[in-house]
Structures are given as C-alpha cells and as structure tokens.
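Novice: Below is the structure I would like to discuss, written out as structure tokens.
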Amino acid sequence: MEKKSKKIWFHFTVNLSIVIVVLCISGIGSLFFITEKHINEEIRTRARSYFYSVLITRKWNAVHNGVYVLKKKGMEPNRFVIEPDLRSADGKIYTLKNPSVMTIEISQLTETEGLFSYKLRSLKPINPANTPDEFETMALVSFDHGTEESFQKMKRGDKTEYRYMAPLPVTEECMKCHGVQGYKPGEIRGGISVTFDITALEKNLSYTKSLIIILGILSLMITAGVFMVSVKKLKQSIDDSNKEIERLAVTDELTGLYNRRYFFRKLDEEFERTRRYGQTLSLIITDIDNFKSYNDRYGHQAGDTILREVAGFIKKSCRETDTPARYGGEEFTIILPSTTREGSSAMAEKLRHKVSECEISGFDFKVTVSIGISVLTPEDAYSPTTLIYDADSALSRAKDEGKNRIVIAM
C-alpha cells in the first residue's frame, strides 16, 4: 500500500511539474512573441511615417508642377527635364526641382543628418540611379500583385538596418514626366524605399529577451520551490488524514483501544505467525464485574467512565507487541504473542490487582474484573476460534467462582 502511494505521488509530482514547466515556457514564449511583435510594429509605424512624409512632400511639389529655386554656383540642372532653367527679369537664374529631384536631395540631407534615407525605385526607371536592388525588385513585383508594403531587417557590419518599401501610384501630376513611359493614372510606376538604423532598438529587444529569460527562470525556480513545499505539505496532510482514518477505523471511540474488527484480524495474523515459527500465543478476555448494576445505579455516564478507566489500566499493562481491544460491551481482550501460561497469568494478575486497588475518578466505589486465559502451544491443534472459545469459557468459570479472579483454560 505504501509503495503504491509513493508511486501515485511520484506520478502526480512529475505530471504537475511538467504542466508547470510547459506553462512557464509557454508564458515566456508568449512574452517573447508579444514583445518582439510590439517592437516590430513600432519600427514599421516609424517606417510608414517616413514614407508618408516623403509622399506628401512629393505630392505638394507635383501639385505645383515643380518648384523653382535660385540656381547657385555648381548646381547641375535636371537633365531629365526639358529646359529646367528659367531667367528672371533681374537676370537671376532659377532651376526646376521636380518631385524626383527634390526627393533625392532631401534624402541626401536626411542621410547626412543620420536620420534615415529613402530612394525612388522603379522597374522601368527614367534615371538609371533609380534601378532597384534585390529587395526592392521583389517588393516592386509584389506591388503588381496587390501587396501594400514590404519590409526587411538587414545586417550591415555591426549595425542593423530596417528596410521598408511601399508603392508609388501614378497621379495626374506624374503624367508630365512619366506619361512618355506608357503609365496611366492609378498604375504602380515604382515605390519609395526607406532605410534607417534600428541597432539601438535591436539591442533593447535583445536585452528585454535576456531579462525575460532570467525572470522566467527565477519565476520557474520560485514556482517550483513553492510547488514542492506545497506538495510536501499536501502529502503530509493527506498521509496524516489517512493515518487518522485508519486509526479511527480500527479504534474503539470510547476507550481508545482497538475495536472488535481489528481484534479478529490481528488474532488471525498472530495465530499464523505463531504456527509458522512454532511459538506460543496467549489470549486474555477481561470482563468488568457487576457492570450492569453500576449502569443502573449511577447511569451510563458512570459506566462510560468505568470503561475508560479499565481500558487505561489495560493499555498501561500491555507491552508494545501486545494488542489490547474492546471485545464488546464491558469485555476486553489482549493478544499476547510469544507468551507462556506463566507469563500471561502474571500479566493478568497484575492487571486484576491494579483495577481492584484503584478508585474510579469521581465515584466512591471500586471496580473489579474477572479474567479468562487460553494459551496456544506448538503441540495444540487449535484454531483462532478455539482460542477465543477457551478464553471465554475460562472467563465464565471465573465469574461463576466468585468474580475478581483469574482462570486459565486447561
């Protein structure tokens, strides 16, 4: 039974430990996923804001059919625009900055400032400088199939860059320059490719992941510790409860001695052991003299007190190997393993004397007991039933012969 209980607790502990570990790992994994998703969304939102700021700036330029700026020394005219320069009445020369040129020059400025860079890219570029690379080519092809945006993380030395690209649709303002390429309003003629440094964000993400792992391991260790302590306490509580249930199942509630059912089970066990090893076995049956008259005269409360007092004397008189039990009513039994006639007789006389000499608590009368003894030797052809019968018969003789005495079955 104990082995089976240990096995059950072992499987319970292992299975619950697996559940806790799986839940912790799932929690850490979910936190990983949520954190990374949150940071990636933040990066993508930043990329979109860059893209739309460029898009709005180009649209403003295109609505005004380009913007003329004072042509400074060394400023090259836009070779893709027919007659880009314009002379004013005061002799100053202004050159046209169309959306494409403006986009390039602003990108150079943001890149110089260390903010971000962006490029115009097309599968059919007017300017060869706008020829797409591998990522941009794949993005542009996907735009033709309905994809709204493309993005990629890329390592460049010890830095990590984020690349984002969204389509650039043809508008009426674009037709002035790109109508010759066969585009129509609404078609995708290219895209704007945005690139910016996310090294710091990636380091923060890596730090956050490490922190999650450390906290996860600490949480797992704390949870495991609390779990083991709780399981240990639970097991101890259940074991104590089981022991108490087992004790109650074999114990007489009033006297605290073993009950009648346990007596018969224990007698069978001791009988088999005695036969196996060729030893002797003694059985004592004790009966309180005149118990009914005590009950009738003083009430059942007095009777219960007498039973408890006598049971206490019996328990004190027994060895650890003996089994005292309440047989029924005012009768008690004691199983004495490896005990001869002389030994059981001496023990019975000691018990009889103690009972007769002691006063019952709260009452002014003394109680006596009659005792019957039967002894099983290796030569006897006895059975447990015979042993009980002989002891009971000896008890009846003790009663008949005047009570307060001991009789040993012959």
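Within each chain, counting starts at residue 1; across the structure tokens, chains are named A, B, ... in the order shown, with ligands numbered 1 upward in that order.
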Could you give me, as a ChimeraX atom specification, each residue of region 54-236 of chain A that DSSP assigns to alpha helix (DSSP H) when run on this structure's backbone?

Specialist: /A:54-63,99-112,134-143,175-178,199-236

Novice: Extract, using only C-alpha atoms, all DNA, RNA and protein residues at most 9 Å from Thr35 (chain A), discarding same-chain residues fewer than 3 positions from it, and format them as number ranges by chain.

Specialist: A: 30-32, 38-40, 205, 208-209

Novice: Measuring between only C-alpha atoms, which one of A:Tyr277, A:Phe33, A:Phe116, A:Tyr327 shows the shortest distance to Arg261 (chain A)?

Specialist: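 Ranking A:Tyr277, A:Phe33, A:Phe116, A:Tyr327 by distance to Arg261 (chain A), first place goes to A:Tyr327.
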
Novice: So the first atom is CA of Ala89 (chain A) and the second is CA of Asn61 (chain A); what is the distance between them in Å, to one decimal place?

Specialist: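 Atom-to-atom, CA of Ala89 (chain A) to CA of Asn61 (chain A), that is 24.1 Å.
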
Novice: Using only C-alpha atoms, which residues sit within 9 Å of Pro337 (chain A) once same-chain residues fewer than 6 positions away are excluded, as a list of chain:residue names?

Specialist: A:Glu270, A:Phe271, A:Thr274, A:Gln279, A:Thr280, A:Leu281, A:Ser282, A:Leu283, A:Thr321, A:Asp322, A:Thr323

Novice: Which is closer to Val141 (chain A) than all the others in A:Ile104, A:Ile188, A:Ile285, A:Leu254, using only C-alpha atoms?

Specialist: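 Closest residue, counting only C-alpha atoms: A:Ile188.
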
Novice: Using only C-alpha atoms, which of A:Thr112, A:Arg163, A:Asp197, A:Ala325 sits nearest Arg265 (chain A)?

Specialist: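 Closest to Arg265 (chain A), using only C-alpha atoms: A:Ala325.
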
Novice: Could you list, as an mmCIF file with C-alpha atoms, in the first residue's frame, every residue within 8 Å of Val369 (chain A), counting only C-alpha atoms and ignoring same-chain residues fewer than 2 positions away?

Specialist:
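The result, stored in out-v6.cif:
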```
data_model
loop_
_atom_site.group_PDB
_atom_site.id
_atom_site.type_symbol
_atom_site.label_atom_id
_atom_site.label_comp_id
_atom_site.auth_asym_id
_atom_site.auth_seq_id
_atom_site.Cartn_x
_atom_site.Cartn_y
_atom_site.Cartn_z
ATOM 1 C CA THR A 286 -11.454 -9.494 30.724
ATOM 2 C CA ASP A 287 -14.943 -8.643 31.930
ATOM 3 C CA ILE A 288 -15.896 -5.880 34.401
ATOM 4 C CA ASP A 289 -17.764 -7.401 37.324
ATOM 5 C CA ARG A 352 -6.594 -7.525 38.190
ATOM 6 C CA VAL A 355 -8.083 -2.420 38.872
ATOM 7 C CA SER A 356 -9.232 -3.640 42.290
ATOM 8 C CA VAL A 367 -14.379 -1.949 40.410
ATOM 9 C CA ILE A 371 -10.217 -12.730 33.633
ATOM 10 C CA LYS A 403 -15.534 -12.974 40.272
ATOM 11 C CA ASN A 404 -12.466 -10.823 40.764
ATOM 12 C CA ARG A 405 -10.248 -13.772 39.887
#
```

Novice: Report, in Å to a single decimal, how far apart CA of Ser344 (chain A) and CA of Ile388 (chain A) are.

Specialist: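 According to the coordinates, CA of Ile388 (chain A) and CA of Ser344 (chain A) are separated by 14.8 Å.
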
Novice: According to DSSP computed on the backbone, where in region 269-356 of chain A is there strand (DSSP E)? Give the residues as number ranges by chain.

Specialist: A: 281-288, 323-328, 331-337

Novice: Could you check how far CA of Asp144 (chain A) sits from CA of Glu187 (chain A), in Å to one decimal?

Specialist: 8.9 Å

Novice: Hey, what's within 12 Å of Glu42 (chain A) if we count only C-alpha atoms and toss same-chain stuff fewer than 4 positions away? As a PyMOL selection string, please?

Specialist: chain A and resi 35-38+46-49+162+198+201-202+205

Novice: Hey, which of A:Glu136, A:Glu111, A:Asp364, A:Glu331 ends up closest to Asp392 (chain A)? Count only C-alpha atoms.

Specialist: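 Residue with the minimum atom-to-atom distance to Asp392 (chain A): A:Glu331.
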
Novice: Identify, on the basis of only C-alpha atoms, every residue whose closest approach to Leu140 (chain A) does not exceed 10 Å; exclude the query and any residue fewer than 6 positions from it along the same chain; express the result as a list of chain:residue names.

Specialist: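 Counting only C-alpha atoms, the residues come to A:Arg121, A:Ser122, A:Leu123, A:Pro132, A:Glu134, A:Thr147, A:Glu149, A:Ser150, A:Met165, A:Ala166, A:Pro167, A:Leu168, A:Ile188, A:Arg189, A:Gly190, A:Gly191, A:Ile192.
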
Novice: Would you save the residues from that selection as a PDB file, in the first residue's frame, using C-alpha atoms?

Specialist:
```
ATOM      1  CA  ARG A 121      12.811  52.874 -57.292  1.00  0.00           C
ATOM      2  CA  SER A 122      11.131  51.594 -60.445  1.00  0.00           C
ATOM      3  CA  LEU A 123      11.302  48.542 -62.650  1.00  0.00           C
ATOM      4  CA  PRO A 132      16.176  48.664 -57.674  1.00  0.00           C
ATOM      5  CA  GLU A 134      17.196  42.599 -54.982  1.00  0.00           C
ATOM      6  CA  THR A 147       0.906  43.783 -51.839  1.00  0.00           C
ATOM      7  CA  GLU A 149       4.108  47.128 -48.344  1.00  0.00           C
ATOM      8  CA  SER A 150       7.347  45.157 -47.941  1.00  0.00           C
ATOM      9  CA  MET A 165       9.080  49.944 -49.232  1.00  0.00           C
ATOM     10  CA  ALA A 166       5.579  50.933 -50.305  1.00  0.00           C
ATOM     11  CA  PRO A 167       4.162  51.504 -53.814  1.00  0.00           C
ATOM     12  CA  LEU A 168       4.109  54.861 -55.574  1.00  0.00           C
ATOM     13  CA  ILE A 188       2.061  51.490 -59.901  1.00  0.00           C
ATOM     14  CA  ARG A 189       5.100  53.029 -61.501  1.00  0.00           C
ATOM     15  CA  GLY A 190       7.514  52.287 -58.667  1.00  0.00           C
ATOM     16  CA  GLY A 191       7.975  52.721 -54.973  1.00  0.00           C
ATOM     17  CA  ILE A 192       9.744  54.608 -52.249  1.00  0.00           C
TER      18      ILE A 192
END
```

Novice: Of the residues A:Pro125, A:Gly66, A:Gly157, A:Gly74, which is the one nearest to Lys97 (chain A), using only C-alpha atoms?

Specialist: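 Comparing A:Pro125, A:Gly66, A:Gly157, A:Gly74 against Lys97 (chain A), the winner is A:Gly66.
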